[in-house]
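Here is the file my_file.csv (CSV, C-alpha atoms).
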```
chain,number,residue,atom,x,y,z
U,1,MET,CA,-15.5,127.9,-138.3
U,2,PRO,CA,-13.6,129.9,-135.7
U,3,LYS,CA,-10.0,130.7,-136.6
U,4,THR,CA,-8.5,128.5,-133.9
U,5,ALA,CA,-10.7,125.6,-134.8
U,6,ALA,CA,-9.6,126.0,-138.5
U,7,SER,CA,-6.0,126.2,-137.6
U,8,LEU,CA,-6.2,123.0,-135.4
U,9,ALA,CA,-8.1,121.2,-138.2
U,10,GLN,CA,-5.3,122.1,-140.7
U,11,MET,CA,-2.6,120.9,-138.2
U,12,ARG,CA,-4.5,117.7,-137.5
U,13,LYS,CA,-4.9,117.0,-141.2
U,14,ALA,CA,-1.2,117.6,-141.8
U,15,ILE,CA,-0.2,115.3,-139.0
U,16,ASP,CA,-2.5,112.6,-140.3
U,17,GLN,CA,-1.1,112.9,-143.8
U,18,THR,CA,2.4,112.4,-142.4
U,19,LEU,CA,1.4,109.4,-140.2
U,20,TRP,CA,-0.3,107.7,-143.2
U,21,VAL,CA,2.9,108.1,-145.3
U,22,LEU,CA,5.0,106.8,-142.4
U,23,THR,CA,2.9,103.7,-141.9
U,24,SER,CA,3.1,102.9,-145.6
U,25,ARG,CA,6.8,102.2,-145.0
U,26,LEU,CA,5.8,99.1,-142.9
U,27,GLY,CA,4.7,97.3,-146.0
U,28,GLU,CA,1.8,97.4,-148.5
U,29,ASN,CA,-1.4,99.1,-147.5
U,30,GLN,CA,-3.1,95.9,-146.5
U,31,SER,CA,-0.1,94.3,-144.7
U,32,GLN,CA,-1.1,93.3,-141.2
U,33,LEU,CA,1.6,95.5,-139.6
U,34,SER,CA,0.4,98.6,-141.5
U,35,GLN,CA,-3.2,97.6,-140.7
U,36,MET,CA,-2.6,97.3,-137.0
U,37,THR,CA,-0.7,100.6,-136.7
U,38,ARG,CA,-3.3,102.5,-138.8
U,39,TYR,CA,-6.1,101.0,-136.9
U,40,HIS,CA,-4.6,102.2,-133.6
U,41,LEU,CA,-3.9,105.6,-135.1
U,42,GLY,CA,-7.6,105.9,-135.9
U,43,TYR,CA,-7.7,105.3,-139.7
U,44,ASP,CA,-10.2,103.4,-141.6
U,45,ASN,CA,-8.4,100.4,-143.1
U,46,ASN,CA,-11.4,99.8,-145.4
U,47,ALA,CA,-11.3,103.2,-147.0
U,48,GLY,CA,-8.6,102.3,-149.5
U,49,ALA,CA,-5.9,104.9,-150.4
U,50,GLY,CA,-6.0,108.0,-148.3
U,51,TYR,CA,-5.9,108.9,-144.6
U,52,LYS,CA,-9.6,109.0,-143.5
U,53,SER,CA,-9.7,109.2,-139.8
U,54,THR,CA,-12.6,107.5,-137.9
U,55,ASP,CA,-15.0,109.8,-136.1
U,56,SER,CA,-14.4,110.8,-132.5
U,57,TRP,CA,-10.8,109.6,-132.5
U,58,SER,CA,-7.6,111.0,-131.0
U,59,LYS,CA,-7.5,114.8,-130.9
U,60,ARG,CA,-3.7,114.6,-131.5
U,61,THR,CA,-3.2,116.8,-128.4
U,62,ARG,CA,0.5,116.4,-128.0
U,63,PRO,CA,1.6,116.9,-131.6
U,64,ILE,CA,-0.7,119.9,-132.0
U,65,LEU,CA,0.7,121.5,-128.9
U,66,LEU,CA,4.2,121.1,-130.4
U,67,LEU,CA,3.0,122.8,-133.6
U,68,LEU,CA,1.2,125.6,-131.7
U,69,VAL,CA,4.2,126.3,-129.4
U,70,TYR,CA,6.6,126.3,-132.4
U,71,ALA,CA,4.2,128.6,-134.4
U,72,ALA,CA,3.9,131.0,-131.4
U,73,LEU,CA,7.7,131.2,-131.3
U,74,VAL,CA,8.6,131.6,-135.0
U,75,SER,CA,5.2,132.4,-136.7
U,76,GLU,CA,5.1,129.2,-138.8
U,77,TRP,CA,4.4,125.6,-138.2
U,78,VAL,CA,4.7,123.5,-141.4
U,79,PRO,CA,8.5,122.7,-141.0
U,80,ALA,CA,7.8,121.1,-137.6
U,81,ILE,CA,5.2,118.6,-138.8
U,82,PRO,CA,7.7,115.6,-138.8
U,83,ALA,CA,8.5,116.3,-135.2
U,84,ALA,CA,4.8,116.4,-134.4
U,85,ALA,CA,4.2,113.1,-136.1
U,86,ALA,CA,7.1,111.6,-134.1
U,87,ILE,CA,5.5,112.6,-130.9
U,88,GLU,CA,2.2,110.9,-131.9
U,89,CYS,CA,4.1,107.7,-132.8
U,90,VAL,CA,5.7,107.6,-129.4
U,91,HIS,CA,2.4,108.3,-127.6
U,92,SER,CA,0.7,105.7,-129.7
U,93,PHE,CA,3.3,103.0,-129.2
U,94,SER,CA,3.1,103.6,-125.4
U,95,LEU,CA,-0.7,103.2,-125.5
U,96,ILE,CA,-0.5,99.8,-127.3
U,97,HIS,CA,1.9,98.5,-124.7
U,98,ASP,CA,-0.1,100.1,-121.8
U,99,ASP,CA,-3.3,98.3,-123.0
U,100,ILE,CA,-1.5,95.0,-123.0
U,101,GLN,CA,0.0,95.5,-119.5
U,102,ASP,CA,-3.3,96.7,-118.1
U,103,GLU,CA,-5.3,94.1,-120.0
U,104,SER,CA,-7.5,96.9,-121.1
U,105,PRO,CA,-9.8,95.5,-123.9
U,106,ILE,CA,-11.1,98.9,-125.2
U,107,ARG,CA,-9.2,101.9,-126.5
U,108,ARG,CA,-11.1,105.0,-127.6
U,109,GLY,CA,-14.4,103.3,-128.1
U,110,ARG,CA,-13.3,100.1,-130.0
U,111,PRO,CA,-11.3,97.0,-129.2
U,112,ALA,CA,-7.7,97.6,-128.4
U,113,VAL,CA,-5.1,96.3,-130.9
U,114,TRP,CA,-4.1,93.3,-128.7
U,115,ASN,CA,-7.8,92.5,-128.4
U,116,VAL,CA,-8.1,92.2,-132.2
U,117,TRP,CA,-4.8,90.7,-133.3
U,118,GLY,CA,-3.4,89.2,-130.1
U,119,VAL,CA,-0.7,90.2,-127.6
U,120,HIS,CA,2.3,89.1,-129.6
U,121,ARG,CA,1.3,91.0,-132.8
U,122,ALA,CA,0.3,94.0,-130.8
U,123,ILE,CA,3.7,94.2,-129.2
U,124,ASN,CA,5.2,94.2,-132.6
U,125,ALA,CA,2.9,97.0,-133.8
U,126,GLY,CA,3.9,99.1,-130.8
U,127,ASP,CA,7.6,98.5,-131.6
U,128,ALA,CA,7.0,99.5,-135.2
U,129,LEU,CA,5.4,102.8,-134.2
U,130,PHE,CA,8.4,103.5,-131.9
U,131,ALA,CA,10.7,103.0,-134.8
U,132,LEU,CA,8.6,105.2,-137.0
U,133,ALA,CA,9.1,108.1,-134.5
U,134,PHE,CA,12.8,108.2,-135.3
U,135,GLU,CA,12.1,107.7,-139.0
U,136,SER,CA,9.9,110.8,-138.9
U,137,LEU,CA,12.6,112.8,-137.2
U,138,ASN,CA,14.9,112.1,-140.1
U,139,LEU,CA,12.5,114.3,-142.2
U,140,LEU,CA,13.5,117.3,-140.2
U,141,ARG,CA,17.0,117.3,-141.8
U,142,SER,CA,15.8,119.2,-144.9
U,143,ASP,CA,14.7,122.2,-142.8
U,144,PHE,CA,16.8,122.2,-139.7
U,145,PRO,CA,20.5,122.0,-138.7
U,146,ALA,CA,21.9,118.5,-138.1
U,147,GLU,CA,22.9,119.4,-134.5
U,148,SER,CA,19.2,120.4,-133.8
U,149,VAL,CA,17.9,117.1,-135.1
U,150,LEU,CA,20.6,115.2,-133.1
U,151,ASP,CA,19.6,117.1,-130.0
U,152,ILE,CA,16.0,116.0,-130.6
U,153,TYR,CA,17.0,112.4,-131.0
U,154,GLU,CA,18.7,112.5,-127.6
U,155,THR,CA,15.9,114.3,-125.9
U,156,LEU,CA,13.3,111.9,-127.3
U,157,SER,CA,15.4,108.9,-126.2
U,158,MET,CA,15.6,110.2,-122.7
U,159,THR,CA,11.9,110.8,-122.7
U,160,CYS,CA,11.2,107.2,-123.7
U,161,ILE,CA,13.3,106.1,-120.7
U,162,SER,CA,11.2,108.3,-118.5
U,163,LEU,CA,8.0,106.8,-119.9
U,164,SER,CA,9.3,103.3,-119.2
U,165,ASN,CA,10.2,104.2,-115.6
U,166,GLY,CA,6.8,105.7,-115.1
U,167,GLN,CA,5.0,102.6,-116.4
U,168,GLN,CA,7.2,100.5,-114.1
U,169,LEU,CA,6.2,102.6,-111.1
U,170,ASP,CA,2.6,102.4,-112.2
U,171,MET,CA,2.7,98.6,-112.1
U,172,GLU,CA,4.6,98.5,-108.9
U,173,TYR,CA,2.3,100.8,-107.1
U,174,GLU,CA,-0.7,98.6,-107.8
U,175,GLN,CA,0.8,96.2,-105.3
U,176,ILE,CA,1.6,98.8,-102.6
U,177,ASP,CA,-0.9,100.1,-100.2
U,178,ASP,CA,0.9,103.1,-98.8
U,179,VAL,CA,1.7,105.2,-101.9
U,180,THR,CA,2.2,108.9,-101.0
U,181,LEU,CA,1.0,111.9,-102.9
U,182,SER,CA,4.7,112.7,-103.6
U,183,GLN,CA,5.2,109.3,-105.2
U,184,TYR,CA,2.0,109.7,-107.2
U,185,PHE,CA,3.1,113.1,-108.6
U,186,LYS,CA,6.5,111.6,-109.5
U,187,LEU,CA,4.8,108.8,-111.3
U,188,ILE,CA,2.5,110.9,-113.4
U,189,GLU,CA,5.3,113.3,-114.3
U,190,LEU,CA,7.3,110.4,-115.7
U,191,LYS,CA,4.4,108.6,-117.4
U,192,THR,CA,2.4,111.6,-118.7
U,193,GLY,CA,4.3,114.9,-118.0
U,194,THR,CA,7.5,114.0,-119.8
U,195,LEU,CA,5.8,113.6,-123.2
U,196,PHE,CA,4.0,116.9,-122.9
U,197,GLY,CA,7.3,118.4,-121.8
U,198,LEU,CA,8.9,116.9,-124.9
U,199,SER,CA,6.4,118.5,-127.1
U,200,PHE,CA,7.2,121.9,-125.7
U,201,GLU,CA,11.0,121.3,-125.6
U,202,ILE,CA,11.2,120.1,-129.2
U,203,SER,CA,9.5,123.3,-130.3
U,204,ALA,CA,12.1,125.3,-128.4
U,205,ILE,CA,14.9,123.3,-130.0
U,206,LEU,CA,13.5,123.8,-133.5
U,207,ALA,CA,13.0,127.5,-132.9
U,208,GLY,CA,16.6,127.9,-131.7
U,209,CYS,CA,15.7,129.0,-128.2
U,210,SER,CA,18.2,129.6,-125.5
U,211,PRO,CA,18.9,126.9,-122.9
U,212,GLU,CA,17.0,129.0,-120.3
U,213,LYS,CA,13.9,129.3,-122.5
U,214,ARG,CA,14.1,125.6,-123.4
U,215,LEU,CA,14.1,124.7,-119.7
U,216,ILE,CA,11.1,126.9,-119.0
U,217,LEU,CA,9.1,125.4,-121.8
U,218,ARG,CA,10.0,121.9,-120.8
U,219,LYS,CA,8.8,122.6,-117.2
U,220,ALA,CA,5.6,124.2,-118.4
U,221,GLY,CA,4.8,121.2,-120.6
U,222,ARG,CA,5.5,118.7,-117.8
U,223,LYS,CA,3.2,120.6,-115.5
U,224,LEU,CA,0.5,120.6,-118.2
U,225,GLY,CA,0.9,116.8,-118.5
U,226,VAL,CA,0.5,116.4,-114.8
U,227,LEU,CA,-2.6,118.4,-114.8
U,228,PHE,CA,-3.9,116.5,-117.8
U,229,GLN,CA,-3.3,113.2,-116.0
U,230,ILE,CA,-5.1,114.4,-112.9
U,231,GLN,CA,-8.1,115.3,-115.0
U,232,ASP,CA,-8.0,111.9,-116.7
U,233,ASP,CA,-7.9,110.2,-113.3
U,234,PHE,CA,-11.1,111.9,-112.3
U,235,ARG,CA,-12.7,111.2,-115.7
U,236,ASP,CA,-12.0,107.5,-115.1
U,237,LEU,CA,-14.1,107.5,-112.0
U,238,PHE,CA,-16.7,110.2,-112.7
U,239,GLU,CA,-17.2,110.3,-116.5
U,240,VAL,CA,-19.9,108.4,-118.4
U,241,GLU,CA,-18.5,105.4,-120.3
U,242,ARG,CA,-19.9,106.5,-123.7
U,243,ASN,CA,-18.1,109.8,-123.4
U,244,LEU,CA,-14.8,108.4,-122.3
U,245,GLY,CA,-14.6,105.8,-125.0
U,246,LYS,CA,-13.5,103.0,-122.7
U,247,PRO,CA,-14.9,101.2,-119.6
U,248,THR,CA,-14.9,103.6,-116.6
U,249,GLY,CA,-13.8,102.9,-113.1
U,250,GLN,CA,-11.2,100.4,-114.2
U,251,ASP,CA,-8.2,102.1,-112.5
U,252,ALA,CA,-9.9,101.7,-109.1
U,253,LEU,CA,-10.8,98.1,-109.8
U,254,ARG,CA,-7.1,97.4,-110.6
U,255,ARG,CA,-6.1,99.1,-107.4
U,256,LYS,CA,-4.3,101.9,-109.3
U,257,LYS,CA,-3.2,104.7,-107.0
U,258,THR,CA,-4.8,107.7,-108.8
U,259,LEU,CA,-5.3,111.1,-107.2
U,260,PRO,CA,-9.0,110.5,-106.2
U,261,VAL,CA,-8.0,107.2,-104.6
U,262,LEU,CA,-5.1,108.7,-102.7
U,263,LEU,CA,-7.1,111.7,-101.5
U,264,GLY,CA,-9.9,109.3,-100.4
U,265,LEU,CA,-7.4,107.1,-98.5
U,266,LYS,CA,-5.8,110.2,-96.9
U,267,ALA,CA,-9.1,111.4,-95.6
U,268,GLN,CA,-9.5,108.0,-93.7
U,269,LYS,CA,-13.3,108.1,-93.9
U,270,HIS,CA,-15.9,106.3,-95.9
U,271,PHE,CA,-13.8,105.6,-99.0
U,272,TYR,CA,-10.9,104.4,-96.8
U,273,SER,CA,-13.1,101.8,-95.2
U,274,LEU,CA,-14.5,100.5,-98.5
U,275,TRP,CA,-11.1,100.4,-100.1
U,276,ASN,CA,-9.6,98.3,-97.2
U,277,SER,CA,-12.6,96.0,-96.8
U,278,GLU,CA,-11.8,92.7,-98.6
U,279,ALA,CA,-15.3,91.5,-98.2
U,280,LEU,CA,-16.7,94.5,-100.0
U,281,GLN,CA,-14.2,94.9,-102.8
U,282,SER,CA,-15.7,92.3,-105.1
U,283,GLU,CA,-19.1,94.0,-104.8
U,284,MET,CA,-18.0,97.6,-105.3
U,285,THR,CA,-19.3,99.5,-108.3
U,286,GLN,CA,-18.2,102.7,-109.9
U,287,SER,CA,-21.2,104.5,-108.3
U,288,ASP,CA,-20.1,103.2,-104.8
U,289,TRP,CA,-16.6,104.8,-105.3
U,290,GLN,CA,-18.1,108.0,-106.5
U,291,ILE,CA,-20.5,108.4,-103.6
U,292,ALA,CA,-17.8,107.5,-101.0
U,293,LEU,CA,-15.4,110.1,-102.5
U,294,MET,CA,-18.0,112.8,-102.6
U,295,GLU,CA,-19.1,112.1,-99.0
U,296,ASP,CA,-15.4,112.4,-98.0
U,297,ASP,CA,-15.3,115.8,-99.6
U,298,ILE,CA,-12.1,115.2,-101.6
U,299,LEU,CA,-13.2,117.2,-104.6
U,300,GLU,CA,-12.2,120.6,-103.2
U,301,GLU,CA,-8.7,119.5,-102.4
U,302,SER,CA,-8.4,118.2,-105.9
U,303,LEU,CA,-9.6,121.5,-107.4
U,304,SER,CA,-7.0,123.3,-105.3
U,305,ILE,CA,-4.2,121.1,-106.6
U,306,GLN,CA,-5.4,121.7,-110.2
U,307,ARG,CA,-5.7,125.4,-109.7
U,308,ASN,CA,-2.1,125.6,-108.3
U,309,LEU,CA,-0.8,123.7,-111.4
U,310,GLN,CA,-2.7,126.0,-113.7
U,311,THR,CA,-1.1,129.0,-112.0
U,312,GLU,CA,2.4,127.4,-112.3
U,313,ILE,CA,2.0,126.7,-116.0
U,314,LEU,CA,0.9,130.2,-116.8
U,315,GLN,CA,3.7,131.7,-114.7
U,316,TYR,CA,6.3,129.7,-116.7
U,317,LEU,CA,4.8,130.8,-120.0
U,318,GLU,CA,4.9,134.5,-118.9
U,319,HIS,CA,8.7,134.3,-119.3
U,320,VAL,CA,8.5,133.5,-123.0
U,321,GLU,CA,8.3,136.0,-125.8
U,322,TRP,CA,5.5,135.0,-128.1
U,323,ASN,CA,4.4,136.0,-131.6
U,324,GLU,CA,0.8,137.0,-132.4
U,325,PRO,CA,-1.6,135.8,-133.7
U,326,TRP,CA,-0.2,132.4,-132.7
U,327,LYS,CA,0.1,133.3,-129.1
U,328,SER,CA,-3.6,133.7,-128.9
U,329,GLU,CA,-4.2,130.4,-130.7
U,330,LEU,CA,-1.8,128.6,-128.3
U,331,PHE,CA,-3.3,130.1,-125.2
U,332,GLN,CA,-6.9,129.4,-126.3
U,333,CYS,CA,-5.9,125.7,-126.7
U,334,LEU,CA,-4.1,125.7,-123.3
U,335,TYR,CA,-7.1,127.2,-121.5
U,336,ARG,CA,-9.4,124.5,-122.9
U,337,LEU,CA,-7.0,121.8,-121.8
U,338,MET,CA,-6.5,123.3,-118.4
U,339,GLU,CA,-10.3,123.9,-117.8
U,340,ILE,CA,-11.0,122.8,-114.3
U,341,HIS,CA,-14.4,121.1,-113.6
```

Whole structure given in C-alpha cells:
Amino acid sequence: MPKTAASLAQMRKAIDQTLWVLTSRLGENQSQLSQMTRYHLGYDNNAGAGYKSTDSWSKRTRPILLLLVYAALVSEWVPAIPAAAAIECVHSFSLIHDDIQDESPIRRGRPAVWNVWGVHRAINAGDALFALAFESLNLLRSDFPAESVLDIYETLSMTCISLSNGQQLDMEYEQIDDVTLSQYFKLIELKTGTLFGLSFEISAILAGCSPEKRLILRKAGRKLGVLFQIQDDFRDLFEVERNLGKPTGQDALRRKKTLPVLLGLKAQKHFYSLWNSEALQSEMTQSDWQIALMEDDILEESLSIQRNLQTEILQYLEHVEWNEPWKSELFQCLYRLMEIH
C-alpha cells in the first residue's frame, strides 16, 4: 500500500473509532438513536461491538483534511483526532437535515435516515450528531490549552450559522429564476466552503499559528470547498448513478441553481429554451440536460473557473511553512481532490 494510502487509512480508522465511542453516549448499542446515527455514519449496526464501516461509504474527506493540515504544520496528527471527529459530526448532521429538506430518498447508495425511520426521528438523529460535535471537542482539553478549545467552539458555532444561511439561500434560490453567478458562489461558499475552511482553520488553531496564517488557511479551505461543490454539481448531471451512490439529475429536476444550470442559462441557447419551456419540463431526462449543456459549450467555461480556483488555493498554501513528509502527504491528497475532469 502506498505511504499516503496507508496514512489515510490509519486516520480514517482513528476517526471511526472515535465516532463509534461518541455515538455510544447516545444510549445502548441497539438504542434507536445510536442505530440511526451509526447507520448514517456508515457503520453496520448488525456487526455487534466494534466499528465496522460499510463498503464504499464516506471517505471522511473533511476530517482527514484537518488531520493532514495539522500534521503538515506540527508533524503529528493523533492529538487532533477529536476535532476531526467533531467536523464529521457537523457534516453528517447537516446531511441528515439536507436530505429531509430536499426530500432526497437515497444517501450514499442506501435509503436516507428519514426514509428508514421517518422525518421526526431523523431530525432528532441530526440534532444528536450536532451535540456530539461539541462533546468531541471536549476531548481536546487533555492536550491543548483551554483558550484554544474555546476558540474552536466559537469558530465551529459561527460555521454552523454559515451552514444554515447557505441552506436557506439554497431553498430560496429554487424559487427564483434570475440567480446570478455571484449569488451562486456566495451560496456554495456558505453551504460547502465554510466547513472545508473550518477544517483548515481548526488545524491552525491547534498548531498555534499566527492570526495571519490562520486566515490564509481558512481562505484556502473555503476555496477548496467551493471547487469541491462545483465538481459535485457536475457529477450530479454527468455522473452515472451507480458511481454517485444516489439518483442523478435531481438538482436540475428540483430547479436548483447549480453552476452547469447557471452557465447554460447565461448562454441563452438550447439549454435556456428547454429550462424555460413549461411544456417540456415534465418530459426532460438527465440525458436531455446533458446534451443541451454540451451543445451550448459550457464545459470550457466551467473548466476555466475550476482552474482559477485551483490556482488560488495553491497560491494561498505557498505562504505557509510546511513540514515534510506530511507536506507531501497533504498535497497529494489536495491534488486528487482538485483534479479537474

Write out as a PyMOL selection string the residues lying within 7 Å of Leu224 (chain U), counting all atoms listed in the file and excluding same-chain residues fewer than 6 positions away.
-> chain U and resi 193+196+313

Taking the point (10.6, 117.8, -133.7) as given in the file, collect each protein or nucleic acid residue that comes within 10 Å of it, counting all atoms listed in the file, and present the set as JSON, numbers by chain.
-> {"U": [63, 66, 67, 70, 79, 80, 81, 82, 83, 84, 85, 86, 87, 133, 134, 136, 137, 138, 139, 140, 144, 148, 149, 151, 152, 153, 156, 198, 199, 200, 201, 202, 203, 204, 205, 206]}

Got time to write the residues from that selection, C-alpha atoms, as a tab-separated table (two decimals), in the coordinates of the input?
```tsv
chain	number	residue	atom	x	y	z
U	63	PRO	CA	1.60	116.90	-131.60
U	66	LEU	CA	4.20	121.10	-130.40
U	67	LEU	CA	3.00	122.80	-133.60
U	70	TYR	CA	6.60	126.30	-132.40
U	79	PRO	CA	8.50	122.70	-141.00
U	80	ALA	CA	7.80	121.10	-137.60
U	81	ILE	CA	5.20	118.60	-138.80
U	82	PRO	CA	7.70	115.60	-138.80
U	83	ALA	CA	8.50	116.30	-135.20
U	84	ALA	CA	4.80	116.40	-134.40
U	85	ALA	CA	4.20	113.10	-136.10
U	86	ALA	CA	7.10	111.60	-134.10
U	87	ILE	CA	5.50	112.60	-130.90
U	133	ALA	CA	9.10	108.10	-134.50
U	134	PHE	CA	12.80	108.20	-135.30
U	136	SER	CA	9.90	110.80	-138.90
U	137	LEU	CA	12.60	112.80	-137.20
U	138	ASN	CA	14.90	112.10	-140.10
U	139	LEU	CA	12.50	114.30	-142.20
U	140	LEU	CA	13.50	117.30	-140.20
U	144	PHE	CA	16.80	122.20	-139.70
U	148	SER	CA	19.20	120.40	-133.80
U	149	VAL	CA	17.90	117.10	-135.10
U	151	ASP	CA	19.60	117.10	-130.00
U	152	ILE	CA	16.00	116.00	-130.60
U	153	TYR	CA	17.00	112.40	-131.00
U	156	LEU	CA	13.30	111.90	-127.30
U	198	LEU	CA	8.90	116.90	-124.90
U	199	SER	CA	6.40	118.50	-127.10
U	200	PHE	CA	7.20	121.90	-125.70
U	201	GLU	CA	11.00	121.30	-125.60
U	202	ILE	CA	11.20	120.10	-129.20
U	203	SER	CA	9.50	123.30	-130.30
U	204	ALA	CA	12.10	125.30	-128.40
U	205	ILE	CA	14.90	123.30	-130.00
U	206	LEU	CA	13.50	123.80	-133.50
```

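You will find CA of Leu317 (chain U) at 7.5 Å from CA of Ile216 (chain U).
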
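Our summary of the geometry notes that CA of Leu259 (chain U) is positioned 16.5 Å from CA of Gln310 (chain U).
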
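Taking CA of Thr180 (chain U) as the reference point, CA of Lys257 (chain U) is found at 9.1 Å.
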
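Among the candidate residues U:Ser277, U:Gln286, U:Asn115, U:Gln306, the one lying nearest to Gln231 (chain U) is U:Gln306, with distances computed using all atoms listed in the file.
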
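For the choices U:Leu8, U:Val90, U:Ala125, U:Leu73, the atom-to-atom distance to Arg38 (chain U) is smallest for U:Ala125 when using all atoms listed in the file.
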
Best match for closeness to Ala14 (chain U) among U:Leu95, U:Ile64, U:Cys89, U:Ala112, counting only C-alpha atoms | U:Ile64

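Comparing U:Leu187, U:Met11, U:Leu65, U:Met158 by their smallest distance to Met171 (chain U), the closest is U:Leu187 (using only C-alpha atoms).
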
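Minimum distance to Pro105 (chain U) across U:Gly264, U:Val119, U:Pro325, U:Leu337 (counting all atoms listed in the file) occurs at U:Val119.
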
Can you tell me, as a list in words, what residues are no more than 12 Å from Val116 (chain U) when counting only C-alpha atoms, ignoring any on the same chain fewer than 2 positions away?
-> Gln32, Gln35, Met36, Tyr39, His40, Ile96, Ile100, Pro105, Ile106, Arg107, Arg110, Pro111, Ala112, Val113, Trp114, Gly118, Val119, His120, Arg121 and Ala122 of chain U

Need the neighbours of (-14.0, 121.8, -118.7): which residues are at most 12 Å away, counting all atoms listed in the file, as a count of residues only?
-> 12

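Using only C-alpha atoms, the smallest distance between any of U:Ser75, U:Ser328, U:Asn308, U:Asn276 and Lys223 (chain U) comes from U:Asn308.
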
Report, as JSON, the centre and edge lengths in Å (one decimal) of the axis-aligned box enclosing every listed atom of region 323-337 of chain U, padded by 5 Å on each side.
```
{"center_x": -2.5, "center_y": 129.4, "center_z": -127.6, "size_x": 23.8, "size_y": 25.2, "size_z": 22.2}
```

Considering only C-alpha atoms, return as a ChimeraX atom specification whatever protein or nucleic-acid residues lie within 8 Å of Gln167 (chain U), sequence-local ones (same chain, fewer than 3 positions apart) excluded.
-> /U:98,163-164,170-171,191

Can I get region 179-197 of chain U with N, CA and C atoms filled in, as a PDB file, keeping the file's coordinate frame?
```pdb
ATOM      1  N   VAL U 179       1.108 104.254-100.930  1.00  0.00           N
ATOM      2  CA  VAL U 179       1.700 105.200-101.900  1.00  0.00           C
ATOM      3  C   VAL U 179       1.382 106.616-101.433  1.00  0.00           C
ATOM      4  N   THR U 180       2.383 107.481-101.432  1.00  0.00           N
ATOM      5  CA  THR U 180       2.200 108.900-101.000  1.00  0.00           C
ATOM      6  C   THR U 180       1.823 109.759-102.168  1.00  0.00           C
ATOM      7  N   LEU U 181       1.311 110.936-101.862  1.00  0.00           N
ATOM      8  CA  LEU U 181       1.000 111.900-102.900  1.00  0.00           C
ATOM      9  C   LEU U 181       2.276 112.294-103.670  1.00  0.00           C
ATOM     10  N   SER U 182       3.383 112.405-102.949  1.00  0.00           N
ATOM     11  CA  SER U 182       4.700 112.700-103.600  1.00  0.00           C
ATOM     12  C   SER U 182       5.055 111.681-104.602  1.00  0.00           C
ATOM     13  N   GLN U 183       4.890 110.417-104.242  1.00  0.00           N
ATOM     14  CA  GLN U 183       5.200 109.300-105.200  1.00  0.00           C
ATOM     15  C   GLN U 183       4.281 109.356-106.381  1.00  0.00           C
ATOM     16  N   TYR U 184       3.016 109.652-106.131  1.00  0.00           N
ATOM     17  CA  TYR U 184       2.000 109.700-107.200  1.00  0.00           C
ATOM     18  C   TYR U 184       2.424 110.817-108.219  1.00  0.00           C
ATOM     19  N   PHE U 185       2.781 111.995-107.720  1.00  0.00           N
ATOM     20  CA  PHE U 185       3.100 113.100-108.600  1.00  0.00           C
ATOM     21  C   PHE U 185       4.400 112.768-109.418  1.00  0.00           C
ATOM     22  N   LYS U 186       5.329 112.062-108.802  1.00  0.00           N
ATOM     23  CA  LYS U 186       6.500 111.600-109.500  1.00  0.00           C
ATOM     24  C   LYS U 186       6.164 110.666-110.639  1.00  0.00           C
ATOM     25  N   LEU U 187       5.261 109.739-110.316  1.00  0.00           N
ATOM     26  CA  LEU U 187       4.800 108.800-111.300  1.00  0.00           C
ATOM     27  C   LEU U 187       4.178 109.421-112.507  1.00  0.00           C
ATOM     28  N   ILE U 188       3.225 110.321-112.287  1.00  0.00           N
ATOM     29  CA  ILE U 188       2.500 110.900-113.400  1.00  0.00           C
ATOM     30  C   ILE U 188       3.374 111.896-114.194  1.00  0.00           C
ATOM     31  N   GLU U 189       4.359 112.484-113.516  1.00  0.00           N
ATOM     32  CA  GLU U 189       5.300 113.300-114.300  1.00  0.00           C
ATOM     33  C   GLU U 189       6.092 112.505-115.241  1.00  0.00           C
ATOM     34  N   LEU U 190       6.512 111.311-114.798  1.00  0.00           N
ATOM     35  CA  LEU U 190       7.300 110.400-115.700  1.00  0.00           C
ATOM     36  C   LEU U 190       6.386 109.849-116.781  1.00  0.00           C
ATOM     37  N   LYS U 191       5.217 109.375-116.406  1.00  0.00           N
ATOM     38  CA  LYS U 191       4.400 108.600-117.400  1.00  0.00           C
ATOM     39  C   LYS U 191       3.637 109.537-118.330  1.00  0.00           C
ATOM     40  N   THR U 192       3.234 110.710-117.879  1.00  0.00           N
ATOM     41  CA  THR U 192       2.400 111.600-118.700  1.00  0.00           C
ATOM     42  C   THR U 192       3.130 112.949-118.949  1.00  0.00           C
ATOM     43  N   GLY U 193       3.682 113.519-117.886  1.00  0.00           N
ATOM     44  CA  GLY U 193       4.300 114.900-118.000  1.00  0.00           C
ATOM     45  C   GLY U 193       5.430 114.952-118.942  1.00  0.00           C
ATOM     46  N   THR U 194       6.259 113.907-118.993  1.00  0.00           N
ATOM     47  CA  THR U 194       7.500 114.000-119.800  1.00  0.00           C
ATOM     48  C   THR U 194       7.157 114.132-121.308  1.00  0.00           C
ATOM     49  N   LEU U 195       6.096 113.497-121.785  1.00  0.00           N
ATOM     50  CA  LEU U 195       5.800 113.600-123.200  1.00  0.00           C
ATOM     51  C   LEU U 195       5.205 114.965-123.563  1.00  0.00           C
ATOM     52  N   PHE U 196       4.427 115.542-122.660  1.00  0.00           N
ATOM     53  CA  PHE U 196       4.000 116.900-122.900  1.00  0.00           C
ATOM     54  C   PHE U 196       5.197 117.859-122.826  1.00  0.00           C
ATOM     55  N   GLY U 197       6.085 117.611-121.867  1.00  0.00           N
ATOM     56  CA  GLY U 197       7.300 118.400-121.800  1.00  0.00           C
ATOM     57  C   GLY U 197       8.135 118.300-123.045  1.00  0.00           C
TER      58      GLY U 197
END
```
